[in-house]
Amino acid sequence: MLSQTSVMEIHSENYRFLQEHVYSQTGIVLEGDKHYLFESRLTPIVRQLGLGSINDLCALLQATSKPDVKRQIAEAMTTNETYFFRDPAHYDAIRSILLPRLRDERRDTKRLRFWSAAASTGQEAYSLAMLLLEEGLGDWNIQILGTDFSSQVVERARTGKFQQIEVNRGLPAILQVKHFRRAGVEWQLSEAVRRMVSFETIDLRKSMRALGPFDLVFCRNVMIYFDAETKKQITKEIHGTLFRGGWLLLGGAETAFGVDEWFDRKSEGNATVYVAR
Ligand SMILES: C[S@@+](CC[C@H](N)C(=O)[O-])C[C@H]1O[C@@H](n2cnc3c(N)ncnc32)[C@H](O)[C@@H]1O
């Protein structure tokens, strides 16, 4: 039996090694004292590999290339908190401002494309799909792309299955009744919603222009983890994926460094939206 202290202890040079590893793999800056975060996220990997401590894990990475383990560590250090209809003011603005305009502009092609960047387990992308169905756009050609760095959350998102605790967060009861059915202890989203959404594993720091053009990009609650240079580069790339007049939505407390270079900031109801120039 491994003792708690031996697994958890991290030598200072290994702590710096892990910080640098996570930064180079994901762009996530882990400043200040994040010992508890490394300990809680990496101890399961230490145990799974049959190692004695996080220091052993660092020694393993330094001695051999082990790309799978490197990736596993980086993914374990991402924070995947999300829930249905997070920041309702954004969905209100989409319903009352963006969709009426798009309905008019696209009445001939009936084609709309949306991107949930940093989609985590998919609640953001699926919330949008449900909203679009509720707004009577079921017969339109709609594509919603959800992407995330973590292949683990992408795999979960693809299943369209959610636990009770997840459907209890932010999802109106009426939409649960309409779009979900029980699947054992989980809830399975309907085919009608799932076929509107697809998921890919994508690092936001890579060139993303080929993914577009989009009418709207959600990039919420992920910029907070990046430094100014990474934020600016991602904001510029996202701009390149949007139609002129397309919307970028950031998390409630977030700013994107340099956003004003490429976007007009507008208040729509209680939401701030960034409109691509
Ligand atoms: C807190 S969640 C946000 C989920 C959702 N957008 C929301 O606001 O509810 C942040 C997500 O960003 C992802 N992430 C972190 N670094 C990333 C990167 N370099 N490229 C793509 N996704 C990244 C994480 O894996 C995580 O799932």
# chains A, B, ... in the order shown; residues from 1 in each chain; ligands from 1
$ residues_near_ligand --ligand "ligand 1" --cutoff "6 Å" --atoms "only C-alpha atoms and all ligand atoms" --output "VMD selection string"
chain A and resid 26 to 27 78 to 83 118 to 120 148 to 150 202 to 205 219 to 222
$ select_by_dssp --residues "segment 46-145 of chain A" --states "strand (DSSP E or B)" --output "count of residues only"
12
$ residues_around --residues "Ile45 of chain A" --least-positions-apart "6" --cutoff "10 Å" --atoms "only C-alpha atoms" --output "PDB file with C-alpha atoms, in the first residue's frame"
ATOM      1  CA  LEU A  51       4.604   4.161  -9.607  1.00  0.00           C
ATOM      2  CA  SER A  53       5.111   9.054  -6.358  1.00  0.00           C
ATOM      3  CA  ILE A  54       4.678  12.105  -8.599  1.00  0.00           C
ATOM      4  CA  LEU A  57       6.282  10.044 -12.725  1.00  0.00           C
ATOM      5  CA  VAL A  69       1.728   9.597 -20.600  1.00  0.00           C
ATOM      6  CA  GLN A  72      -2.448  12.037 -20.195  1.00  0.00           C
ATOM      7  CA  ILE A  73      -0.767  14.387 -17.706  1.00  0.00           C
ATOM      8  CA  ALA A  76      -5.479  15.663 -16.430  1.00  0.00           C
TER       9      ALA A  76
END
$ residues_around --residues "Glu229 of chain A" --least-positions-apart "2" --cutoff "12 Å" --atoms "only C-alpha atoms" --output "list in words"
Gly27, Ile28, Val29, Arg205, Met223, Tyr225, Phe226, Asp227, Lys231, Lys232, Gln233, Ile234, Thr235, Lys236, Ala256, Phe257, Gly258 and Val259 of chain A
$ atom_distance --atom1 "atom CA of Tyr274 of chain A" --atom2 "atom CA of Leu248 of chain A"
5.0 Å
